[in-house]
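**Student:** Please find one structure pasted underneath; my questions will follow.
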There are 2 protein chains.
Amino acid sequence: MSSSVSRKRVRKDPATRRAEIVTAAAAIALAEGLECITLRRIGEELDVRPGLISHYFPSADDLVAEAFGSAAAGELDALLPRERSGDTPLRHLAGFLSRTAGDDYDAISRLWINARHLSRYRPVLRDRVAEQEAAWRGRLEDLVREGVTAGEFRTEDPRLVAMKILVVLDGLGAHATAARPPALLRMPATTAEQELALPPGALTS
Amino acid sequence: MSSSVSRKRVRKDPATRRAEIVTAAAAIALAEGLECITLRRIGEELDVRPGLISHYFPSADDLVAEAFGSAAAGELDALLPRERSGDTPLRHLAGFLSRTAGDDYDAISRLWINARHLSRYRPVLRDRVAEQEAAWRGRLEDLVREGVTAGEFRTEDPRLVAMKILVVLDGLGAHATAARPPALLRMPATTAEQELALPPGALTS
DNA sequence: TTGCTTATTGGTCGCACACTCAATAGCATC
DNA sequence: GATGCTATTGAGTGTGCGACCAATAAGCAA
């Protein structure tokens with residue numbers, strides 16, 4: 001068993017240590033919130049002195065931004081993978097929407113709220129949030145566009161549709177603590193169906 | 001001019017002092033965020049020692065919750081007044097939607113995000129958030145219901161419609177920092193029009 | 001084995017926070 | 001003008017935070 005007091009110091013390659021730190025920070029961000037990313041907390045997690053975290057991230061703000069970026073990018077890949085292993089755009093979109101309807105999505109949804117709020121005070125984080133917003137919108141927009149060229153979707157403004165879906169998703173996430181009737185949880189799908197000229201239920205099979 | 005160093009102590013009625021504190025805290029919450037509500041900050045604002053704030057709010061959490069409640073309730077009354085001086089439900093709803101489309105709305109929108117996030121760590125605030133969510137939804141739901149009985153709106157589930165409008169509003173608020181094209185900003189109105197069986201543009205005159 | 005680079009430590013500083021409580025002084029009442 | 005109640009102060013406690021830096025030891029290369 002690993003003792004609570006650190007006995008022996010383990011020396012690692014800077015790159016791997018840095019990655020380790022970011023991974024730990026991202027996990028904490030998802031589970032407990034970005035303000036729980038402190039030098040002491042991360043150090044404890046990795047059984048390392050807080051000073052070491054400072055060594056890799058001279059400014060703690062940078063670590064917070066990096067942790068958010070890592071978590072958000074990871075979640076995007078899990079929810080809406082770039083490579084669509086044989087799926088049609090419609091099936092791919094339906095998969096995304098079903099994944100965002102699950103309870104697992106609440107964690108990343110909370111993280112988004114957390115980040116948007118905190119970015120009010122932290123410029124570095126603000127930039128990362130903007131970057132990830134663009135990444136999420138871009139990924140969704142590309143999917144919509146492919147669906148249009150494939151003849152499955154019909155819309156004049158793929159970007160706008162992507163934004164609308166994300167707005168509904170975020171709005172729903174904001175209400176994650178309250179009781180949400182099924183009809184409300186279906187909002188993202190019905191919005192997508194309306195905007196893409198799909199028959200009702202096309203995305204919730 | 002009021003000196004920066006406090007010279008003379010002013011003695012006030014407990015009820016008015018308490019109200020003063022809450023008002024100051026609510027203003028700070030709207031302008032700078034709930035985490036800026038500190039004993040020092042409020043004391044400074046009222047030219048009073050921090051200990052006095054502690055005297056009225058033995059737990060700072062209670063003050064934060066009270067400040068949010070006060071600000072949210074005040075904003076609700078400003079955006080969607082209870083008494084509709086002669087307006088029809090449709091005109092009243094249109095007024096609400098136009099007010100929430102203005103830049104002024106961003107402050108309260110940010111406050112909601114702030115409160116939802118912070119309520120993760122503060123149970124007292126969480127209860128207040130739930131209370132205000134119910135108040136906002138209730139006020140909107142009542143308006144929808146009146147519009148239905150007046151024959152202006154048509155829907156089977158006024159509560160659901162109210163929730164949908166609020167979800168879109170919150171989702172839009174979450175994206176307040178990003179560039180929002182006009183078509184996106186029209187989302188709450190178009191959503192309401194669809195859900196209430198109104199002709200397009202009925203709510204944006 | 002020896003030496004050297006450098007990842008890691010331990011200790012310290014200053015700051016901001018909430019909270020406590022005896023002492024003080026404003027002010028209404030007599 | 002004196003008195004008593006109590007709103008308000010001042011001083012202090014303890015906690016947790018980021019940041020800093022000289023000293024140390026891990027582990028690779030010679």
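Going by the structure tokens order, chains are called A, B, ..., each with residues numbered from 1, while ligands are numbered from 1 in the order shown.
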Give as a list in words every residue of chain C that touches chain A within 12 Å, counting only C-alpha atoms (C1' of nucleotides).

**Tutor:**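 Matching residues, ligands excluded from the count: DT6, DA7, DT8, DT9, DG10 and DG11 of chain C.
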
**Student:** What are the residues of chain D lining chain B at 8 Å or less? Count only C-alpha atoms (C1' of nucleotides), and put the answer as JSON, numbers by chain.

**Tutor:** {"D": [7, 8, 9]}

**Student:** For C-alpha atoms (C1' of nucleotides), I'd like the residues from the last selection saved as a PDB file, in the first residue's frame.

**Tutor:**
```pdb
ATOM      1  C1'  DA D   7     -25.259  48.402  17.116  1.00  0.00           C
ATOM      2  C1'  DT D   8     -20.654  48.693  15.923  1.00  0.00           C
ATOM      3  C1'  DT D   9     -15.797  48.355  16.289  1.00  0.00           C
TER       4       DT D   9
END
```

**Student:** For chain A against chain B, which residues fall within 7 Å using only C-alpha atoms, given as a CSV table (one decimal) with N, CA and C atoms, in the first residue's frame?

**Tutor:**
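Now in selection_11.csv:
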```csv
chain,number,residue,atom,x,y,z
A,113,ILE,N,-20.4,24.8,-17.7
A,113,ILE,CA,-20.9,25.9,-16.9
A,113,ILE,C,-19.8,26.5,-16.0
A,114,ASN,N,-19.2,25.6,-15.4
A,114,ASN,CA,-18.0,25.9,-14.5
A,114,ASN,C,-17.0,26.8,-15.2
A,117,HIS,N,-18.3,30.3,-16.4
A,117,HIS,CA,-18.3,31.2,-15.3
A,117,HIS,C,-16.9,31.7,-14.9
A,164,LYS,N,-27.6,26.1,-32.8
A,164,LYS,CA,-28.9,26.0,-32.2
A,164,LYS,C,-28.9,24.7,-31.3
A,167,VAL,N,-26.9,25.3,-28.2
A,167,VAL,CA,-27.6,26.2,-27.3
A,167,VAL,C,-28.6,25.4,-26.5
A,168,VAL,N,-29.4,24.6,-27.2
A,168,VAL,CA,-30.4,23.8,-26.4
A,168,VAL,C,-29.7,22.8,-25.5
A,170,ASP,N,-26.9,23.2,-24.0
A,170,ASP,CA,-26.3,23.9,-22.9
A,170,ASP,C,-27.4,24.4,-21.9
A,171,GLY,N,-28.5,24.8,-22.5
A,171,GLY,CA,-29.7,25.3,-21.7
A,171,GLY,C,-30.2,24.1,-20.9
A,172,LEU,N,-30.2,23.0,-21.5
A,172,LEU,CA,-30.7,21.8,-20.8
A,172,LEU,C,-29.7,21.4,-19.6
A,174,ALA,N,-27.9,23.5,-18.0
A,174,ALA,CA,-28.0,24.4,-16.9
A,174,ALA,C,-29.1,24.0,-16.0
A,184,LEU,N,-38.9,17.5,-22.2
A,184,LEU,CA,-37.8,18.5,-22.2
A,184,LEU,C,-36.5,17.9,-22.6
```

**Student:** Near Arg40 (chain B), counting only C-alpha atoms (C1' of nucleotides), which residues have an atom at most 12 Å away, once you skip same-chain residues fewer than 4 positions from it, shown as an MDAnalysis selection string?

**Tutor:** (chainID B and resid 21 25 36 44:54 60) or (chainID C and resid 16:18)

**Student:** Using the selection just defined, write its residues with N, CA and C atoms (P, O5', C5', C4', C3', O3' and C1' of nucleotides) as a short mmCIF file (atom, residue, chain, number, x, y, z; two decimals), in the first residue's frame.

**Tutor:**
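And here is the file that came out, selection_28.cif:
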```cif
data_model
loop_
_atom_site.label_atom_id
_atom_site.label_comp_id
_atom_site.auth_asym_id
_atom_site.auth_seq_id
_atom_site.Cartn_x
_atom_site.Cartn_y
_atom_site.Cartn_z
N ILE B 21 -27.35 45.77 3.59
CA ILE B 21 -26.33 44.76 3.30
C ILE B 21 -26.74 43.88 2.14
N ALA B 25 -24.95 43.55 -1.49
CA ALA B 25 -24.47 42.24 -1.92
C ALA B 25 -25.09 41.84 -3.26
N CYS B 36 -17.53 37.45 -5.26
CA CYS B 36 -17.01 38.74 -4.82
C CYS B 36 -17.75 39.25 -3.59
N GLU B 44 -16.65 47.35 3.06
CA GLU B 44 -16.03 48.48 2.36
C GLU B 44 -17.09 49.30 1.63
N GLU B 45 -17.99 48.57 0.98
CA GLU B 45 -19.05 49.21 0.19
C GLU B 45 -19.93 50.09 1.07
N LEU B 46 -20.20 49.63 2.27
CA LEU B 46 -21.10 50.37 3.17
C LEU B 46 -20.34 51.22 4.17
N ASP B 47 -19.02 51.25 4.02
CA ASP B 47 -18.16 51.99 4.96
C ASP B 47 -18.41 51.53 6.39
N VAL B 48 -18.18 50.26 6.58
CA VAL B 48 -18.49 49.59 7.84
C VAL B 48 -17.47 48.47 8.03
N ARG B 49 -17.19 48.10 9.27
CA ARG B 49 -16.21 47.03 9.51
C ARG B 49 -16.78 45.67 9.13
N PRO B 50 -15.93 44.78 8.61
CA PRO B 50 -16.38 43.44 8.19
C PRO B 50 -17.13 42.70 9.29
N GLY B 51 -16.69 42.88 10.51
CA GLY B 51 -17.34 42.17 11.62
C GLY B 51 -18.83 42.42 11.70
N LEU B 52 -19.23 43.63 11.26
CA LEU B 52 -20.66 43.95 11.32
C LEU B 52 -21.47 43.07 10.39
N ILE B 53 -20.90 42.79 9.24
CA ILE B 53 -21.59 41.91 8.29
C ILE B 53 -21.75 40.54 8.93
N SER B 54 -20.70 40.07 9.57
CA SER B 54 -20.77 38.79 10.26
C SER B 54 -21.86 38.80 11.33
N ALA B 60 -21.58 33.39 6.14
CA ALA B 60 -21.49 34.16 4.89
C ALA B 60 -22.32 33.51 3.77
P DA C 16 -4.65 40.90 -0.52
"O5'" DA C 16 -5.89 39.94 -0.27
"C5'" DA C 16 -6.18 38.92 -1.21
"C4'" DA C 16 -7.17 37.97 -0.60
"C3'" DA C 16 -8.29 38.67 0.17
"O3'" DA C 16 -9.56 38.30 -0.37
"C1'" DA C 16 -7.31 36.92 1.47
P DC C 17 -10.90 38.91 0.15
"O5'" DC C 17 -11.47 37.74 1.09
"C5'" DC C 17 -11.65 36.44 0.55
"C4'" DC C 17 -11.76 35.42 1.65
"C3'" DC C 17 -12.70 35.80 2.78
"O3'" DC C 17 -14.03 35.51 2.38
"C1'" DC C 17 -10.75 34.68 3.58
P DA C 18 -15.22 36.05 3.22
"O5'" DA C 18 -15.31 35.04 4.44
"C5'" DA C 18 -15.50 33.66 4.18
"C4'" DA C 18 -15.54 32.88 5.47
"C3'" DA C 18 -16.66 33.28 6.43
"O3'" DA C 18 -17.17 32.10 7.03
"C1'" DA C 18 -14.56 33.62 7.49
#
```

**Student:** Grab the CA of Leu198 (chain B) to CA of Ala162 (chain B) distance for me, in Å with one decimal place.

**Tutor:**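 Distance between the two atoms: 14.9 Å.
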
**Student:** Please report the interatomic distance between CA of Ile37 (chain A) and C1' of DC13 (chain C) in Å with one decimal.

**Tutor:** 21.8 Å

**Student:** Please measure the separation of CA of Ala197 (chain A) and CA of Glu152 (chain A), giving the value in Å to one decimal.

**Tutor:**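 Pair CA of Ala197 (chain A) / CA of Glu152 (chain A) returns 9.1 Å.
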
**Student:** With a distance cut-off of 10 Å and only C-alpha atoms (C1' of nucleotides), select the neighbouring residues of Asp61 (chain A), excluding the residue or stretch itself and same-chain residues fewer than 6 positions from it, and output the selection as a list in words.

**Tutor:**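 Residues near the query, excluding close chain neighbours: Ile37, Thr38, Ala67, Arg122, Pro123, Val124 and Leu125 of chain A.
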
**Student:** As a ChimeraX atom specification, please: all residues of region 38-135 of chain A that backbone DSSP puts in alpha helix (DSSP H).

**Tutor:** /A:39-45,50-56,60-79,89-101,105-118,123-135

**Student:** Give me the residues within 10 Å of Thr100 (chain A) as an MDAnalysis selection string, counting only C-alpha atoms (C1' of nucleotides) and dropping any in the same chain fewer than 6 places off.

**Tutor:** chainID A and resid 79:80 94 106 108:109 169 173 185 188
